[in-house]
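A.B. asks: After the structure tokens below, expect a handful of questions from me.
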Amino acid sequence: MGHSMKRKEDARFIQGKGHYVDDIHLPGMLHMDIVRSPYAYAKIKSINTEEALKVPGVLAVVTGRDLEKYNLHWMPTIMSDTQMVLPTDTVMYQAQEVAAVIATDRYAARDGKEAVIVEYEPMKPIIDPYKALSPDAPVLRTDKPGKTDNHIWHWEAGNKEATDKVFAGADVVVKEQMYIPRIHVASIETCGCVADYDKVNNHLTMYMTTQAPHAIRTVIALVAGHVGLTEEKIRVVSPDIGGGFGGKVPVYPGYVVAIAVSFLVGKPVKWVEDRSENLQADSFARDYHITAEMAGTREGKILATRFKVLADHGYTDASANPSKFPTGLFSIGTGSYNYGTAFMEADAVYTNKPPGGVAYRCSFRVTEAVHAVERITDRFALEIGKDPAQLRMENFIKKEEFPWKSPTGWEYDSGDYHAGLRKAMDVVGYEALRREQAEKRQRGELMGIGISTFTEIVGAGPSKDFDILGIKMFDSAEIRVHPTGKAIARFGTKSQGQGHETTYAQIVAEELGIPAEHVQVEEGDTDTAPYGLGTYASRSTPTAGAAAAVAARKLRDKARKIAAHLLEVSEEDLEWEPGKFTVKGAPEKAKTIQEIVFAAYTNHPQGMEAGFEATHYYDPPNLTFPSGAYICVVDIDKETGEPKIRRFVAIDDCGNIINPMIVQGQVHGGLTQGLAPAMYEQLIYDEDGNILNGTFMDYLVPTAVESPSWETGHTVTPSPHHPIGAKGVGESPTVGAPPAIANAIVDALSHLGVTHIDIPITPIKIWKILKQKGVIQ
Amino acid sequence: MKKEITVTINGETRTATVEPRMLLAHFIREQLRLTGTHIGCDTSNCGACTILVNGKSIKSCTMLAIQADGKEIITVEGLATVDGLHPIQEGFHLNHGLHCGYCTPGMMLRAVELLAGNPNPSEEEIRWGISGNLCRCTGYNNIVKAIQYAGAKMRGEELPSTEPQFV
Ligand code: FES
Ligand code: FES
């Protein structure tokens, strides 16, 4: 623990031997390309495939009518809604899959796609979610019997009556309308698959870019069982994944069509989408319209919060959330502050935009919640004229108040928020920066300091409440130690760059005393790995990491029995120290783990099962609650409105740290994905539902130039219920960074009367404000 | 109308017939089966496909295979030698300059050319130098460190610490 071991997985990646889906090349493999809708809402009048079929190399064009024959033209979403695989009559969003072209190579498939002629009858789409709710709005989901509006669900948390009462009687109430934009994970590897159905053996191998291979296998079995593809006949392999961030959790139509075609023709079918298809059609993240309010006293005591959300889900509810949580874990939005009253509600609507609602490196809608609470906290500080750091210090839940029951029902496991913020303030030199800011204001210069002190909620989750399509959200580890004392460990999760091959090996090493170099980690193959729900929502260390520790401890118990047998003492007379058992009081009498393991195969006690392996399915007793204190300093060019991040200090508390280097790397990456929506990224649609920036030319993923040099550190408050006290970290910075940046920019402009700016805060938005406020003539 | 081309790739001469429209990236990946060169976009913005052509870093999705006829190509598979890893590979590994590894080959080849032209670049020069290559995982801090490390190693100077630095 706590050792920055260099990563075991690096060797193949730095030498070009990573093995991603698009690298798979099977004999006789066919290629698939997808015809997509140019309209956001239209009737399909006809699909003419004649010319396409004449293109050399094109073998078939598959439409919704073809899939309908096998009842495969619709599929369920994770949230138990329904989604077209390929349409039979109507397209519901721009870039929706309309037909699939199958050809002998990539170029022929593309030629075929260009030659498919689809005749559409465009209809007026609904793009604005508020308009979708208006009583005279046409009903979009006419496929759902009895549906009379575009409303999907209503959700509430907290106590409405008590909250309204506190608000009615409060000295100070602040309110802001915030939009958390529609964004895209844009992992540098897009999505794709190779579906390989073997007719002779009635067996499907599905190589795909998925974060959750086991769940996918079960879903395929449930959907395709009626054509004879039962679960033991399906193997899902998730090879190296080029970044996931939640975008590789859902099932996209392309996967299903590839399976269907491979099943029908008995040949492998590869489908890999282009970047533009990925941005335009695959699951978006966020798109929450939030009204956030905070009530408190003039002296600065926070008393209550009230959030109201309108969630634009696009054409179907295809969010990636646990089944019972339509808004994910949004109810964490009461934040890091000690007050007892809150109410939150959300309504979701259908519009003619692509479906989604995935993480973007965030644990189930936590980013939306944290943005709302951290922005409104700053707004409150501004209103009463109190320093935002001071306000936070005065309202934080105290270290000794944990476990702390939040007004929306969570039990925060542990935290030391004061220590985190104090450390961030010391590192950045907070008081000196405030003095500098005051001087600069005198001179008319624009500089701002923004704070975000957030509480995350990760590690889903306890099986009592957490499932996806009914499957409980435990995760698993299986450790098998070979006679010479070297191990293979397999997991139900799937790394997409997080470094599991190193981190898990370190956990096993720590618990079992076998050097991490000799623990080989495998994930992603459903034929060999134990069942688990995969990697997203920062759940791997909290769930599978815990499973590794518990499985290793089971092995240690067995090792004790064998050591007692070998040393001819009773088990109670033995003491464990990393790597060996020694006899109490006689430390020269010892057996190393290697000797013990060897004995498990060569000289095990009579009556004991031979071998040395253990499996554990870990059901977490609670979620974990990482936290962080981030401070951002910005300077704004008052001629151009361009904001520049001068410094960004991030102090994270993710409990005990297994590998500080990997944790820091996760924080750097997460911060950059927090910077992205704060200043650059947003998927923009016009009123006809056309995406205006659906390529990497105009969807601005930050480069090394936009990204500041991040300054990171940590405090350590172990999770009391996790076997090794770890909490998970991959997403905290994505969650915590946007409000720190937004608060800094608003702070730079607050003396002009600015109280809120929606992210992404671009130079043009600031320029317009400066113009309007008369700073720019 | 297919055309015959000959390229030297990672020191090996290869002759093949290709369609004139075939992208160099597809040629390398699918015809030569060197899959270390990746594809991350369709607009020449991501740099995942970066290789060296006659010593210059280029995005192989922006060049046709036939344009590479007679040229010398280095891909990620050609960086290490019998003596071991290239300093840039060592730099990326020791400084945790990669997570998922998808951007890494392109990023490293871009860095090789950067260091060839500017053996001791400042942080700012490195950041601008790799601004045609996107990484979604690492946040770039450690990629900068990796390139600084490789620079020091190639200059024969004392190597910077590869331990993570915390505030
Ligand atoms: S694949 Fe993106 S630049 Fe070449
Ligand atoms: S390491 Fe994943 S894109 Fe760079």
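Residues in the structure tokens are named by chain (A, B, ... in the order shown) and by number from 1 within that chain; ligands are numbered from 1 in the order shown.
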Env of A:Ile183: 7 Å cut, atoms = only C-alpha atoms, seq-sep filter 4 positions within chain, self excluded. Answer as a ChimeraX atom specification.

C.D. replies: /A:284-286,681-683

A.B. asks: Got a sec: who's within 6 Å of A:Ala614, counting only C-alpha atoms, leaving out chain neighbours fewer than 5 positions off, as a count of residues only?

C.D. replies: 3

A.B. asks: Grab me every residue within 6 Å of ligand 1, counting only C-alpha atoms and all ligand atoms, and send it over as number ranges by chain.

C.D. replies: B: 39-42, 44-49, 59-61

A.B. asks: Mind writing the picked residues with N, CA, C and O atoms as a PDB file, in the first residue's frame?

C.D. replies:
ATOM      1  N   ILE B  39      -6.535   4.972 -34.677  1.00  0.00           N
ATOM      2  CA  ILE B  39      -7.388   5.952 -35.348  1.00  0.00           C
ATOM      3  C   ILE B  39      -8.407   6.449 -34.328  1.00  0.00           C
ATOM      4  O   ILE B  39      -9.102   5.640 -33.713  1.00  0.00           O
ATOM      5  N   GLY B  40      -8.463   7.767 -34.145  1.00  0.00           N
ATOM      6  CA  GLY B  40      -9.380   8.303 -33.139  1.00  0.00           C
ATOM      7  C   GLY B  40     -10.360   9.320 -33.678  1.00  0.00           C
ATOM      8  O   GLY B  40     -11.202   9.812 -32.949  1.00  0.00           O
ATOM      9  N   CYS B  41     -10.219   9.676 -34.971  1.00  0.00           N
ATOM     10  CA  CYS B  41     -11.170  10.648 -35.506  1.00  0.00           C
ATOM     11  C   CYS B  41     -11.223  10.546 -37.012  1.00  0.00           C
ATOM     12  O   CYS B  41     -10.479   9.780 -37.627  1.00  0.00           O
ATOM     13  N   ASP B  42     -12.117  11.341 -37.584  1.00  0.00           N
ATOM     14  CA  ASP B  42     -12.257  11.352 -39.037  1.00  0.00           C
ATOM     15  C   ASP B  42     -12.042  12.759 -39.584  1.00  0.00           C
ATOM     16  O   ASP B  42     -12.480  13.088 -40.672  1.00  0.00           O
ATOM     17  N   SER B  44      -8.843  14.511 -38.784  1.00  0.00           N
ATOM     18  CA  SER B  44      -7.421  14.848 -38.593  1.00  0.00           C
ATOM     19  C   SER B  44      -7.168  15.763 -37.401  1.00  0.00           C
ATOM     20  O   SER B  44      -6.296  16.619 -37.439  1.00  0.00           O
ATOM     21  N   ASN B  45      -7.918  15.562 -36.332  1.00  0.00           N
ATOM     22  CA  ASN B  45      -7.731  16.393 -35.154  1.00  0.00           C
ATOM     23  C   ASN B  45      -7.076  15.704 -33.970  1.00  0.00           C
ATOM     24  O   ASN B  45      -6.527  16.381 -33.102  1.00  0.00           O
ATOM     25  N   CYS B  46      -7.144  14.383 -33.889  1.00  0.00           N
ATOM     26  CA  CYS B  46      -6.779  13.743 -32.613  1.00  0.00           C
ATOM     27  C   CYS B  46      -5.314  13.333 -32.516  1.00  0.00           C
ATOM     28  O   CYS B  46      -4.764  13.231 -31.434  1.00  0.00           O
ATOM     29  N   GLY B  47      -4.694  13.047 -33.634  1.00  0.00           N
ATOM     30  CA  GLY B  47      -3.270  12.684 -33.601  1.00  0.00           C
ATOM     31  C   GLY B  47      -2.971  11.260 -33.170  1.00  0.00           C
ATOM     32  O   GLY B  47      -1.800  10.883 -33.077  1.00  0.00           O
ATOM     33  N   ALA B  48      -3.994  10.439 -32.925  1.00  0.00           N
ATOM     34  CA  ALA B  48      -3.743   9.054 -32.496  1.00  0.00           C
ATOM     35  C   ALA B  48      -2.989   8.275 -33.573  1.00  0.00           C
ATOM     36  O   ALA B  48      -2.335   7.279 -33.286  1.00  0.00           O
ATOM     37  N   CYS B  49      -3.084   8.737 -34.807  1.00  0.00           N
ATOM     38  CA  CYS B  49      -2.509   8.017 -35.948  1.00  0.00           C
ATOM     39  C   CYS B  49      -1.122   8.535 -36.321  1.00  0.00           C
ATOM     40  O   CYS B  49      -0.601   8.186 -37.378  1.00  0.00           O
ATOM     41  N   LYS B  59       0.123  12.917 -39.500  1.00  0.00           N
ATOM     42  CA  LYS B  59      -1.076  12.176 -39.119  1.00  0.00           C
ATOM     43  C   LYS B  59      -1.384  11.235 -40.281  1.00  0.00           C
ATOM     44  O   LYS B  59      -1.731  11.700 -41.377  1.00  0.00           O
ATOM     45  N   SER B  60      -1.235   9.958 -40.053  1.00  0.00           N
ATOM     46  CA  SER B  60      -1.313   9.010 -41.164  1.00  0.00           C
ATOM     47  C   SER B  60      -2.733   8.864 -41.706  1.00  0.00           C
ATOM     48  O   SER B  60      -2.935   8.226 -42.729  1.00  0.00           O
ATOM     49  N   CYS B  61      -3.721   9.489 -41.053  1.00  0.00           N
ATOM     50  CA  CYS B  61      -5.071   9.484 -41.615  1.00  0.00           C
ATOM     51  C   CYS B  61      -5.244  10.618 -42.615  1.00  0.00           C
ATOM     52  O   CYS B  61      -6.276  10.734 -43.256  1.00  0.00           O
TER      53      CYS B  61
END

A.B. asks: May I ask which of the residues B:Ile73, B:Leu23, B:Met108, B:Val18 is the closest one to ligand 2, counting only C-alpha atoms and all ligand atoms?

C.D. replies: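 Closest candidate: B:Met108.
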
A.B. asks: Kindly work out which residues sit at most 6 Å from ligand 2, using only C-alpha atoms and all ligand atoms, and give the list as number ranges by chain.

C.D. replies: A: 188, 242-243; B: 98-104, 135-138

A.B. asks: Counting only C-alpha atoms, which residues from chain A have an atom at most 8 Å from any atom of chain B, and could you show them as a PyMOL selection string?

C.D. replies: chain A and resi 4+6-7+10-11+13-18+23+186-190+240-243+274-276+427+496-499+660-662+664-666+668-673+695-697+701-705+707+709-714

A.B. asks: For A:Ser540, please output as a PyMOL selection string all residues within 9 Å (counting only C-alpha atoms; exclusion window: fewer than 3 positions along the same chain).

C.D. replies: chain A and resi 459+475+493-495+500+534-537+543-546+728

A.B. asks: Create the file for the chosen residues now, containing all heavy atoms and written as a CSV table (one decimal), in the first residue's frame.

C.D. replies:
chain,number,residue,atom,x,y,z
A,459,GLY,N,-18.8,3.8,-5.6
A,459,GLY,CA,-18.7,2.4,-5.1
A,459,GLY,C,-20.1,1.7,-5.1
A,459,GLY,O,-20.3,0.9,-4.2
A,475,ASP,N,-19.3,-6.8,-6.7
A,475,ASP,CA,-18.3,-7.2,-7.7
A,475,ASP,C,-17.4,-8.3,-7.1
A,475,ASP,O,-17.5,-8.6,-5.9
A,475,ASP,CB,-17.6,-6.0,-8.3
A,475,ASP,CG,-17.4,-6.2,-9.8
A,475,ASP,OD1,-16.8,-7.2,-10.2
A,475,ASP,OD2,-18.0,-5.4,-10.6
A,493,THR,N,-14.6,-6.6,-13.0
A,493,THR,CA,-14.6,-5.3,-13.5
A,493,THR,C,-13.8,-5.2,-14.8
A,493,THR,O,-13.4,-6.3,-15.4
A,493,THR,CB,-13.9,-4.4,-12.5
A,493,THR,OG1,-12.7,-5.0,-12.1
A,493,THR,CG2,-14.7,-4.1,-11.3
A,494,LYS,N,-13.6,-4.0,-15.4
A,494,LYS,CA,-12.8,-3.9,-16.6
A,494,LYS,C,-12.2,-2.6,-16.7
A,494,LYS,O,-12.8,-1.5,-16.9
A,494,LYS,CB,-13.8,-4.1,-17.8
A,494,LYS,CG,-13.2,-3.9,-19.2
A,494,LYS,CD,-12.1,-4.9,-19.4
A,494,LYS,CE,-11.0,-4.4,-20.4
A,494,LYS,NZ,-9.9,-5.3,-20.6
A,495,SER,N,-10.8,-2.6,-16.7
A,495,SER,CA,-10.1,-1.3,-16.8
A,495,SER,C,-10.2,-0.7,-18.2
A,495,SER,O,-10.3,-1.4,-19.2
A,495,SER,CB,-8.6,-1.6,-16.5
A,495,SER,OG,-7.9,-0.4,-16.6
A,500,HIS,N,-5.8,-1.2,-13.5
A,500,HIS,CA,-6.2,-2.3,-12.6
A,500,HIS,C,-5.2,-3.4,-12.5
A,500,HIS,O,-5.0,-4.0,-11.5
A,500,HIS,CB,-7.5,-3.0,-13.1
A,500,HIS,CG,-8.7,-2.1,-12.9
A,500,HIS,ND1,-10.0,-2.5,-13.4
A,500,HIS,CD2,-8.9,-0.9,-12.4
A,500,HIS,CE1,-10.8,-1.5,-13.1
A,500,HIS,NE2,-10.2,-0.6,-12.5
A,534,GLY,N,-18.8,-4.6,-13.6
A,534,GLY,CA,-18.0,-3.8,-14.5
A,534,GLY,C,-17.5,-2.5,-13.9
A,534,GLY,O,-17.7,-2.3,-12.7
A,535,THR,N,-16.8,-1.7,-14.7
A,535,THR,CA,-16.1,-0.6,-14.2
A,535,THR,C,-16.7,0.7,-14.7
A,535,THR,O,-16.8,1.0,-15.9
A,535,THR,CB,-14.6,-0.6,-14.6
A,535,THR,OG1,-14.0,-1.7,-13.9
A,535,THR,CG2,-13.9,0.7,-14.2
A,536,TYR,N,-17.3,1.5,-13.8
A,536,TYR,CA,-17.8,2.8,-14.0
A,536,TYR,C,-18.2,3.4,-12.6
A,536,TYR,O,-18.1,2.6,-11.6
A,536,TYR,CB,-19.1,2.8,-14.9
A,536,TYR,CG,-20.0,1.6,-14.6
A,536,TYR,CD1,-20.9,1.7,-13.5
A,536,TYR,CD2,-19.9,0.4,-15.2
A,536,TYR,CE1,-21.7,0.6,-13.2
A,536,TYR,CE2,-20.6,-0.7,-14.8
A,536,TYR,CZ,-21.6,-0.6,-13.8
A,536,TYR,OH,-22.3,-1.7,-13.5
A,537,ALA,N,-18.5,4.6,-12.5
A,537,ALA,CA,-18.9,5.2,-11.3
A,537,ALA,C,-17.9,5.0,-10.2
A,537,ALA,O,-18.2,4.8,-9.0
A,537,ALA,CB,-20.3,4.6,-10.8
A,543,THR,N,-15.5,-1.9,-4.8
A,543,THR,CA,-16.1,-3.2,-4.9
A,543,THR,C,-15.2,-4.3,-5.2
A,543,THR,O,-14.9,-5.1,-4.3
A,543,THR,CB,-17.3,-3.2,-5.9
A,543,THR,OG1,-16.8,-2.9,-7.2
A,543,THR,CG2,-18.4,-2.2,-5.5
A,544,ALA,N,-14.6,-4.4,-6.4
A,544,ALA,CA,-13.7,-5.5,-6.8
A,544,ALA,C,-12.4,-5.4,-6.0
A,544,ALA,O,-11.8,-6.4,-5.6
A,544,ALA,CB,-13.4,-5.4,-8.3
A,545,GLY,N,-11.9,-4.2,-5.7
A,545,GLY,CA,-10.7,-4.1,-4.9
A,545,GLY,C,-11.0,-4.7,-3.5
A,545,GLY,O,-10.1,-5.3,-2.9
A,546,ALA,N,-12.2,-4.4,-2.9
A,546,ALA,CA,-12.5,-5.0,-1.6
A,546,ALA,C,-12.6,-6.5,-1.8
A,546,ALA,O,-12.2,-7.2,-0.9
A,546,ALA,CB,-13.8,-4.4,-1.2
A,728,GLY,N,-12.0,5.2,-3.7
A,728,GLY,CA,-12.2,5.4,-5.2
A,728,GLY,C,-12.0,6.8,-5.5
A,728,GLY,O,-12.4,7.7,-4.8

A.B. asks: Counting only C-alpha atoms, figure out which residue out of A:Phe307, A:Tyr39, A:Trp410, A:Phe396 gets nearest to A:Trp155.

C.D. replies: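 Under the stated criterion, the closest residue is A:Phe307.
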
A.B. asks: Would you give me, as number ranges by chain, the residues in stretch 332-491 of chain A that DSSP reads as helix (DSSP H, G or I)?

C.D. replies: A: 332-334, 366-384, 388-395, 399-401, 417-428, 430-442

A.B. asks: Once DSSP has gone over the backbone, tell me which residues of chain B are in strand (DSSP E), as a list in words.

C.D. replies: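 Output for chain B, strand (DSSP E) only: Lys3, Glu4, Ile5, Thr6, Val7, Thr8, Ile9, Glu12, Thr13, Arg14, Thr15, Ala16, Thr17, Val18, Thr50, Ile51, Leu52, Val53, Lys56, Ser57, Ile58, Lys59, Glu72, Ile73 and Ile74 of chain B.
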
A.B. asks: Write the residues of the selection above to a file with N, CA and C atoms, as a PDB file, in the first residue's frame.

C.D. replies:
ATOM      1  N   LYS B   3      -2.641   0.167 -57.201  1.00  0.00           N
ATOM      2  CA  LYS B   3      -1.283   0.602 -57.521  1.00  0.00           C
ATOM      3  C   LYS B   3      -0.298  -0.120 -56.613  1.00  0.00           C
ATOM      4  N   GLU B   4       0.892  -0.360 -57.143  1.00  0.00           N
ATOM      5  CA  GLU B   4       1.907  -0.994 -56.317  1.00  0.00           C
ATOM      6  C   GLU B   4       2.751   0.085 -55.640  1.00  0.00           C
ATOM      7  N   ILE B   5       2.995  -0.073 -54.362  1.00  0.00           N
ATOM      8  CA  ILE B   5       3.863   0.864 -53.655  1.00  0.00           C
ATOM      9  C   ILE B   5       4.880   0.082 -52.823  1.00  0.00           C
ATOM     10  N   THR B   6       5.986   0.767 -52.547  1.00  0.00           N
ATOM     11  CA  THR B   6       7.020   0.165 -51.699  1.00  0.00           C
ATOM     12  C   THR B   6       7.375   1.169 -50.608  1.00  0.00           C
ATOM     13  N   VAL B   7       7.315   0.729 -49.379  1.00  0.00           N
ATOM     14  CA  VAL B   7       7.710   1.606 -48.273  1.00  0.00           C
ATOM     15  C   VAL B   7       8.734   0.866 -47.412  1.00  0.00           C
ATOM     16  N   THR B   8       9.548   1.662 -46.720  1.00  0.00           N
ATOM     17  CA  THR B   8      10.408   1.060 -45.706  1.00  0.00           C
ATOM     18  C   THR B   8       9.755   1.379 -44.370  1.00  0.00           C
ATOM     19  N   ILE B   9       9.351   0.372 -43.676  1.00  0.00           N
ATOM     20  CA  ILE B   9       8.641   0.625 -42.419  1.00  0.00           C
ATOM     21  C   ILE B   9       9.375  -0.067 -41.284  1.00  0.00           C
ATOM     22  N   GLU B  12      12.111  -2.216 -42.458  1.00  0.00           N
ATOM     23  CA  GLU B  12      11.819  -3.360 -43.323  1.00  0.00           C
ATOM     24  C   GLU B  12      11.172  -2.841 -44.609  1.00  0.00           C
ATOM     25  N   THR B  13      11.581  -3.378 -45.747  1.00  0.00           N
ATOM     26  CA  THR B  13      10.991  -2.930 -47.011  1.00  0.00           C
ATOM     27  C   THR B  13       9.774  -3.789 -47.331  1.00  0.00           C
ATOM     28  N   ARG B  14       8.659  -3.115 -47.582  1.00  0.00           N
ATOM     29  CA  ARG B  14       7.420  -3.857 -47.870  1.00  0.00           C
ATOM     30  C   ARG B  14       6.808  -3.330 -49.161  1.00  0.00           C
ATOM     31  N   THR B  15       6.407  -4.242 -50.024  1.00  0.00           N
ATOM     32  CA  THR B  15       5.744  -3.865 -51.263  1.00  0.00           C
ATOM     33  C   THR B  15       4.321  -4.397 -51.206  1.00  0.00           C
ATOM     34  N   ALA B  16       3.375  -3.564 -51.676  1.00  0.00           N
ATOM     35  CA  ALA B  16       1.977  -3.992 -51.621  1.00  0.00           C
ATOM     36  C   ALA B  16       1.198  -3.275 -52.706  1.00  0.00           C
ATOM     37  N   THR B  17       0.056  -3.834 -53.066  1.00  0.00           N
ATOM     38  CA  THR B  17      -0.821  -3.107 -53.981  1.00  0.00           C
ATOM     39  C   THR B  17      -1.983  -2.542 -53.180  1.00  0.00           C
ATOM     40  N   VAL B  18      -2.290  -1.282 -53.481  1.00  0.00           N
ATOM     41  CA  VAL B  18      -3.340  -0.609 -52.716  1.00  0.00           C
ATOM     42  C   VAL B  18      -4.272   0.157 -53.652  1.00  0.00           C
ATOM     43  N   THR B  50      -0.531   9.372 -35.467  1.00  0.00           N
ATOM     44  CA  THR B  50       0.743  10.014 -35.821  1.00  0.00           C
ATOM     45  C   THR B  50       1.872   8.997 -35.993  1.00  0.00           C
ATOM     46  N   ILE B  51       2.603   9.153 -37.072  1.00  0.00           N
ATOM     47  CA  ILE B  51       3.782   8.306 -37.347  1.00  0.00           C
ATOM     48  C   ILE B  51       4.899   9.228 -37.855  1.00  0.00           C
ATOM     49  N   LEU B  52       6.056   8.668 -38.082  1.00  0.00           N
ATOM     50  CA  LEU B  52       7.129   9.456 -38.701  1.00  0.00           C
ATOM     51  C   LEU B  52       7.286   9.024 -40.156  1.00  0.00           C
ATOM     52  N   VAL B  53       7.237  10.003 -41.051  1.00  0.00           N
ATOM     53  CA  VAL B  53       7.497   9.732 -42.461  1.00  0.00           C
ATOM     54  C   VAL B  53       8.724  10.553 -42.844  1.00  0.00           C
ATOM     55  N   LYS B  56       9.612  13.096 -40.268  1.00  0.00           N
ATOM     56  CA  LYS B  56       8.640  14.130 -39.879  1.00  0.00           C
ATOM     57  C   LYS B  56       7.391  13.466 -39.309  1.00  0.00           C
ATOM     58  N   SER B  57       6.855  14.021 -38.216  1.00  0.00           N
ATOM     59  CA  SER B  57       5.629  13.438 -37.679  1.00  0.00           C
ATOM     60  C   SER B  57       4.456  13.869 -38.556  1.00  0.00           C
ATOM     61  N   ILE B  58       3.681  12.889 -38.989  1.00  0.00           N
ATOM     62  CA  ILE B  58       2.488  13.237 -39.763  1.00  0.00           C
ATOM     63  C   ILE B  58       1.321  12.395 -39.261  1.00  0.00           C
ATOM     64  N   LYS B  59       0.123  12.917 -39.500  1.00  0.00           N
ATOM     65  CA  LYS B  59      -1.076  12.176 -39.119  1.00  0.00           C
ATOM     66  C   LYS B  59      -1.384  11.235 -40.281  1.00  0.00           C
ATOM     67  N   GLU B  72      10.277   6.484 -45.983  1.00  0.00           N
ATOM     68  CA  GLU B  72      10.701   5.717 -44.823  1.00  0.00           C
ATOM     69  C   GLU B  72       9.756   6.039 -43.657  1.00  0.00           C
ATOM     70  N   ILE B  73       9.186   5.012 -43.096  1.00  0.00           N
ATOM     71  CA  ILE B  73       8.165   5.200 -42.054  1.00  0.00           C
ATOM     72  C   ILE B  73       8.636   4.565 -40.745  1.00  0.00           C
ATOM     73  N   ILE B  74       8.390   5.292 -39.661  1.00  0.00           N
ATOM     74  CA  ILE B  74       8.586   4.690 -38.334  1.00  0.00           C
ATOM     75  C   ILE B  74       7.243   4.733 -37.610  1.00  0.00           C
TER      76      ILE B  74
END

A.B. asks: Determine, counting only C-alpha atoms, which protein, DNA and RNA residues have an atom within 8 Å of an atom of stretch 319-329 of chain A; residues of the same chain fewer than 3 positions away are not included. Present the result as a PyMOL selection string.

C.D. replies: chain A and resi 77-79+155+246+249-250+313+332+346+355-359+363-366+457+465-470

A.B. asks: Could the residues in this selection be written to a file with N, CA and C atoms, as a short mmCIF file (atom, residue, chain, number, x, y, z; two decimals), in the first residue's frame?

C.D. replies:
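What ended up in result-v1.cif:
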data_model
loop_
_atom_site.label_atom_id
_atom_site.label_comp_id
_atom_site.auth_asym_id
_atom_site.auth_seq_id
_atom_site.Cartn_x
_atom_site.Cartn_y
_atom_site.Cartn_z
N THR A 77 -33.61 -0.52 -22.83
CA THR A 77 -32.49 0.30 -22.34
C THR A 77 -32.20 -0.10 -20.90
N ILE A 78 -31.11 0.41 -20.37
CA ILE A 78 -30.75 0.09 -18.98
C ILE A 78 -31.86 0.54 -18.03
N MET A 79 -32.55 1.64 -18.37
CA MET A 79 -33.60 2.14 -17.48
C MET A 79 -34.97 1.54 -17.81
N TRP A 155 -39.36 12.53 -9.95
CA TRP A 155 -38.56 11.95 -8.85
C TRP A 155 -38.42 12.99 -7.75
N GLY A 246 -17.87 6.01 -19.08
CA GLY A 246 -19.33 5.83 -19.07
C GLY A 246 -19.91 5.61 -20.45
N VAL A 249 -20.75 1.95 -21.47
CA VAL A 249 -21.67 1.15 -20.67
C VAL A 249 -22.90 0.74 -21.49
N PRO A 250 -23.52 1.64 -22.24
CA PRO A 250 -24.76 1.26 -22.94
C PRO A 250 -24.54 0.27 -24.09
N HIS A 313 -33.81 13.86 -21.75
CA HIS A 313 -33.25 12.53 -22.01
C HIS A 313 -33.17 12.19 -23.49
N ILE A 332 -27.06 13.45 -3.65
CA ILE A 332 -25.86 13.81 -2.88
C ILE A 332 -25.71 15.33 -2.85
N ALA A 346 -37.13 16.16 -9.70
CA ALA A 346 -36.71 16.15 -11.09
C ALA A 346 -37.81 15.58 -11.96
N PRO A 355 -30.45 9.68 -27.44
CA PRO A 355 -30.63 9.26 -26.06
C PRO A 355 -29.30 9.16 -25.33
N GLY A 356 -29.36 9.06 -24.02
CA GLY A 356 -28.13 8.91 -23.24
C GLY A 356 -28.37 9.23 -21.79
N GLY A 357 -27.38 9.87 -21.21
CA GLY A 357 -27.42 10.11 -19.77
C GLY A 357 -26.38 9.22 -19.12
N VAL A 358 -25.17 9.25 -19.68
CA VAL A 358 -24.09 8.44 -19.10
C VAL A 358 -23.19 9.32 -18.24
N ALA A 359 -22.13 8.70 -17.73
CA ALA A 359 -21.40 9.32 -16.65
C ALA A 359 -20.53 10.51 -17.07
N SER A 363 -19.88 9.67 -11.14
CA SER A 363 -20.69 8.62 -10.55
C SER A 363 -22.17 8.99 -10.60
N PHE A 364 -22.85 8.61 -11.65
CA PHE A 364 -24.31 8.73 -11.71
C PHE A 364 -24.85 10.12 -11.33
N ARG A 365 -24.68 11.10 -12.20
CA ARG A 365 -25.32 12.41 -12.02
C ARG A 365 -24.83 13.19 -10.80
N VAL A 366 -23.66 12.83 -10.30
CA VAL A 366 -23.14 13.54 -9.13
C VAL A 366 -22.59 14.92 -9.55
N ILE A 457 -20.00 10.45 -4.13
CA ILE A 457 -20.63 9.23 -3.63
C ILE A 457 -20.37 8.17 -4.68
N ASP A 465 -30.15 -1.87 -2.25
CA ASP A 465 -30.73 -0.81 -3.07
C ASP A 465 -30.27 -0.81 -4.52
N PHE A 466 -29.11 -1.41 -4.78
CA PHE A 466 -28.48 -1.19 -6.08
C PHE A 466 -28.51 -2.41 -6.99
N ASP A 467 -29.11 -2.21 -8.16
CA ASP A 467 -29.07 -3.23 -9.19
C ASP A 467 -29.15 -2.55 -10.54
N ILE A 468 -28.72 -3.29 -11.56
CA ILE A 468 -28.92 -2.83 -12.93
C ILE A 468 -29.67 -3.94 -13.64
N LEU A 469 -30.83 -3.63 -14.14
CA LEU A 469 -31.72 -4.62 -14.76
C LEU A 469 -31.89 -5.84 -13.85
N GLY A 470 -31.94 -5.59 -12.56
CA GLY A 470 -32.19 -6.67 -11.60
C GLY A 470 -30.93 -7.33 -11.06
#
